[in-house]
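What's in final.cif: mmCIF, C-alpha atoms
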```
data_query
loop_
_atom_site.label_atom_id
_atom_site.label_comp_id
_atom_site.auth_asym_id
_atom_site.auth_seq_id
_atom_site.Cartn_x
_atom_site.Cartn_y
_atom_site.Cartn_z
CA LEU A 469 0.00 0.00 0.00
CA GLU A 470 1.39 3.40 -1.01
CA VAL A 471 0.41 7.00 -0.36
CA ALA A 472 -0.77 7.19 -3.99
CA ASP A 473 -3.14 4.23 -3.41
CA ILE A 474 -4.64 5.98 -0.37
CA PHE A 475 -4.98 9.26 -2.27
CA ARG A 476 -6.62 7.55 -5.23
CA ARG A 477 -9.01 5.55 -3.06
CA HIS A 478 -9.96 8.16 -0.45
CA GLY A 479 -8.75 11.48 -1.88
CA PRO A 480 -11.87 12.51 -3.82
CA ALA A 481 -14.16 12.10 -0.80
CA TRP A 482 -11.63 13.69 1.56
CA ARG A 483 -11.18 16.73 -0.70
CA GLN A 484 -14.94 17.31 -0.41
CA THR A 485 -14.65 17.62 3.39
CA GLU A 486 -11.39 19.61 3.70
CA ARG A 487 -10.40 23.03 2.43
CA LEU A 488 -7.09 22.61 0.63
CA SER A 489 -4.89 25.21 -1.01
CA LEU A 490 -4.15 25.03 -4.72
CA GLY A 491 -0.63 23.88 -3.85
CA GLN A 492 -1.92 21.02 -1.71
CA LEU A 493 -4.36 19.98 -4.46
CA LYS A 494 -1.51 19.96 -6.99
CA VAL A 495 0.65 17.77 -4.72
CA MET A 496 -2.20 15.28 -4.21
CA SER A 497 -2.88 15.17 -7.94
CA ALA A 498 0.80 14.65 -8.78
CA ILE A 499 1.12 11.80 -6.26
CA GLU A 500 -2.11 10.18 -7.49
CA GLN A 501 -0.87 10.26 -11.10
CA CYS A 502 2.76 9.35 -10.44
CA ARG A 503 4.00 6.34 -12.39
CA SER A 504 0.60 5.76 -13.94
CA ALA A 505 -0.70 5.96 -17.50
CA ALA A 506 -1.95 9.49 -16.72
CA LEU A 507 1.61 10.83 -17.06
CA GLY A 508 2.53 8.70 -20.05
CA GLY A 509 5.36 6.26 -20.20
CA HIS A 510 7.70 4.31 -22.43
CA ALA A 511 8.18 0.70 -23.44
CA LEU A 512 11.24 -1.25 -22.36
CA HIS A 513 12.29 -4.25 -24.47
CA CYS A 514 14.79 -6.92 -23.57
CA ASP A 515 16.95 -7.73 -26.61
CA GLY A 516 17.80 -11.12 -25.11
CA CYS A 517 14.38 -12.61 -24.40
CA GLY A 518 12.10 -10.15 -26.21
CA GLN A 519 10.05 -9.38 -23.07
CA ALA A 520 8.41 -5.96 -23.10
CA GLU A 521 7.50 -3.86 -20.09
CA ILE A 522 5.80 -0.49 -19.76
CA ALA A 523 7.51 2.04 -17.47
CA TYR A 524 5.27 4.95 -16.51
CA ASN A 525 6.68 8.42 -16.00
CA SER A 526 7.22 9.97 -12.58
CA CYS A 527 5.58 13.17 -11.38
CA ARG A 528 8.92 14.47 -10.01
CA ASN A 529 7.07 16.41 -7.32
CA ARG A 530 9.29 17.16 -4.32
CA HIS A 531 6.59 15.85 -1.96
CA CYS A 532 6.11 12.52 -3.74
CA PRO A 533 7.48 9.62 -1.70
CA LYS A 534 8.11 7.53 -4.84
CA CYS A 535 10.02 10.23 -6.67
CA GLN A 536 11.98 11.68 -3.80
CA ALA A 537 13.00 8.60 -1.82
CA ARG A 538 16.37 8.23 -3.59
CA ALA A 539 17.02 11.98 -3.59
CA ALA A 540 16.21 12.17 0.13
CA LYS A 541 18.55 9.26 0.83
CA ARG A 542 21.39 10.93 -1.12
CA TRP A 543 20.75 14.25 0.68
CA LEU A 544 20.82 12.56 4.10
CA GLU A 545 24.04 10.73 3.29
CA ALA A 546 25.64 14.00 2.14
CA ARG A 547 24.58 15.73 5.38
CA GLN A 548 26.29 13.03 7.46
CA ALA A 549 29.64 14.67 6.70
CA ASP A 550 28.35 17.94 8.23
CA LEU A 551 27.41 16.41 11.58
CA LEU A 552 29.36 16.60 14.80
CA PRO A 553 30.08 13.25 16.49
CA VAL A 554 27.33 13.85 19.10
CA GLU A 555 23.69 12.90 19.63
CA TYR A 556 21.09 14.95 17.75
CA TYR A 557 17.45 15.64 18.56
CA HIS A 558 14.46 16.43 16.37
CA VAL A 559 12.50 19.35 17.82
CA VAL A 560 9.10 20.52 16.47
CA PHE A 561 7.41 23.87 17.06
CA THR A 562 3.67 23.75 16.32
CA LEU A 563 1.17 26.59 16.08
CA PRO A 564 -2.05 26.28 18.09
CA ALA A 565 -5.18 25.90 15.94
CA PRO A 566 -6.42 29.52 16.30
CA ILE A 567 -3.07 30.92 15.16
CA ALA A 568 -2.80 28.28 12.42
CA ALA A 569 -6.12 29.64 11.09
CA ILE A 570 -4.59 33.13 10.91
CA ALA A 571 -1.50 31.67 9.20
CA TRP A 572 -3.70 30.30 6.42
CA TYR A 573 -4.39 33.89 5.29
CA HIS A 574 -1.12 35.57 6.31
CA LYS A 575 1.51 32.93 5.55
CA THR A 576 4.53 35.19 5.05
CA VAL A 577 4.07 37.11 8.30
CA VAL A 578 3.03 34.22 10.55
CA TYR A 579 5.56 31.72 9.19
CA GLY A 580 8.30 34.34 9.55
CA LEU A 581 7.26 34.85 13.17
CA LEU A 582 7.15 31.07 13.73
CA PHE A 583 10.76 30.70 12.55
CA ASP A 584 11.89 33.71 14.62
CA ILE A 585 10.11 32.50 17.76
CA ALA A 586 11.37 28.93 17.32
CA ALA A 587 14.94 30.21 16.95
CA GLY A 588 14.58 32.46 20.00
CA THR A 589 13.10 29.67 22.07
CA MET A 590 15.92 27.34 21.10
CA ARG A 591 18.33 29.88 22.61
CA THR A 592 16.67 29.63 26.02
CA ILE A 593 14.34 26.64 26.47
CA VAL A 594 12.65 24.16 24.22
CA VAL A 595 8.95 23.30 24.06
CA LEU A 596 8.30 20.07 22.23
CA HIS A 597 4.82 19.46 20.82
CA THR A 598 3.99 16.07 19.40
CA TRP A 599 0.94 15.73 17.21
CA GLY A 600 -0.44 13.00 15.03
CA SER A 601 0.39 13.24 11.35
CA ALA A 602 -2.46 14.38 9.13
CA LEU A 603 -2.82 16.15 5.84
CA THR A 604 -4.53 19.15 7.44
CA HIS A 605 -3.36 22.75 7.82
CA HIS A 606 -0.68 22.24 10.47
CA PRO A 607 2.06 24.91 10.47
CA HIS A 608 5.16 23.85 12.36
CA VAL A 609 8.95 24.17 12.34
CA HIS A 610 11.36 21.25 12.56
CA GLY A 611 14.82 21.65 13.98
CA ILE A 612 17.74 19.27 14.27
CA VAL A 613 19.62 20.13 17.44
CA PRO A 614 22.97 18.79 18.61
CA GLY A 615 22.90 17.25 22.07
CA GLY A 616 24.98 19.82 23.89
CA GLY A 617 26.96 22.96 23.18
CA LEU A 618 30.21 24.79 23.61
CA ALA A 619 31.16 25.86 27.10
CA PRO A 620 30.73 29.63 27.65
CA ASP A 621 34.50 30.08 27.30
CA GLY A 622 34.43 28.14 23.99
CA THR A 623 37.14 25.68 25.01
CA ARG A 624 35.19 22.43 25.31
CA TRP A 625 31.99 20.63 24.36
CA ILE A 626 29.41 20.05 27.08
CA ALA A 627 27.19 17.11 26.17
CA CYS A 628 23.63 16.81 27.42
CA ARG A 629 22.58 13.76 29.41
CA ARG A 630 22.66 10.80 27.02
CA GLY A 631 19.26 10.18 25.46
CA PHE A 632 17.80 13.50 26.66
CA PHE A 633 17.93 16.94 25.07
CA LEU A 634 16.45 18.59 28.18
CA PRO A 635 16.31 17.05 31.67
CA VAL A 636 12.48 17.18 31.84
#
```
Here is the file; what I need is its structure written in the form of structure tokens.
Amino acid sequence: LEVADIFRRHGPAWRQTERLSLGQLKVMSAIEQCRSAALGGHALHCDGCGQAEIAYNSCRNRHCPKCQARAAKRWLEARQADLLPVEYYHVVFTLPAPIAAIAWYHKTVVYGLLFDIAAGTMRTIVVLHTWGSALTHHPHVHGIVPGGGLAPDGTRWIACRRGFFLPV
């Protein structure tokens, strides 16, 4: 079962109940059509045995799990060289629903504030919100944070307690 199968099976009914932006509709459509006859394709022929196979074209959308899996893997491998030899933590900053509603209409301002506030908070204390994943309007910022920091005098690394970003 793939995301495209779920979109094809349940997407039309779901789109009737949710208000999606044009961008979100385009992503869903691209994923639904990816590697299907809708995007065309080409025939592959084996010269040895004569077997033919149809290969359908990809949507190449940056949100498509089929198209971007290899690119994401290459990107992650390339980032490994940039990492310090310490633990890292994934931190998420999520807007409450009433502010998320405002963000729908004022994306540039609210998202700019979200990044600024997340960065400021990371300098002092972290608030981690965990939410279920859904394809609804859900503005949030992800951060990858090293588990520790330089001592105030800059001479040594002070690691956080193993397995914990904050002791709470």
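Residues in contact with A:Arg477 at up to 12 Å, not including ones fewer than 6 positions away on its chain and judged by only C-alpha atoms, are Leu469, Glu470, Val471, Arg483, Met496 and Glu500 of chain A.
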Keeping C-alpha atoms for every residue in the selection just given, could you write it to a file as a PDB file, in the coordinates of the input?
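New file out30.pdb:
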```pdb
ATOM      1  CA  LEU A 469       0.000   0.000   0.000  1.00  0.00           C
ATOM      2  CA  GLU A 470       1.390   3.400  -1.010  1.00  0.00           C
ATOM      3  CA  VAL A 471       0.410   7.000  -0.360  1.00  0.00           C
ATOM      4  CA  ARG A 483     -11.180  16.730  -0.700  1.00  0.00           C
ATOM      5  CA  MET A 496      -2.200  15.280  -4.210  1.00  0.00           C
ATOM      6  CA  GLU A 500      -2.110  10.180  -7.490  1.00  0.00           C
TER       7      GLU A 500
END
```
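Distances here use all atoms listed in the file; by that measure, the residue among A:His558, A:Lys575, A:Lys494, A:Arg476 closest to A:Val609 is A:His558.
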For this session: Write out as a PyMOL selection string the residues lying within 10 Å of stretch 502-518 of chain A, counting all atoms listed in the file and excluding same-chain residues fewer than 6 positions away.
Result: chain A and resi 472+496+524-529+532-535
Problem set entry | Straight-line distance linking atom CA of A:Ala539 with atom CA of A:Val554, stated in Å to one decimal | 25.0 Å
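Interatomic distance, atom CA of A:Ala587 against atom CA of A:Phe561: 9.8 Å.
A straight line drawn from atom CA of A:Leu582 to atom CA of A:Val559 is 13.5 Å long.
Of the residues under consideration (A:Val578, A:Asp584, A:His531, A:Arg630), A:Arg630 shows the shortest atom-to-atom contact distance to A:Tyr557 when counting only C-alpha atoms.
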For this session: Go through A:Ala523, A:Val613, A:Val495, A:Ala481 and flag the residue nearest A:Ala627, using only C-alpha atoms for the distances.
Result: A:Val613
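When all atoms listed in the file are used to compute distances to A:Ile626, the closest of the residues A:Leu488, A:Met590, A:Gln519, A:Pro614 turns out to be A:Pro614.
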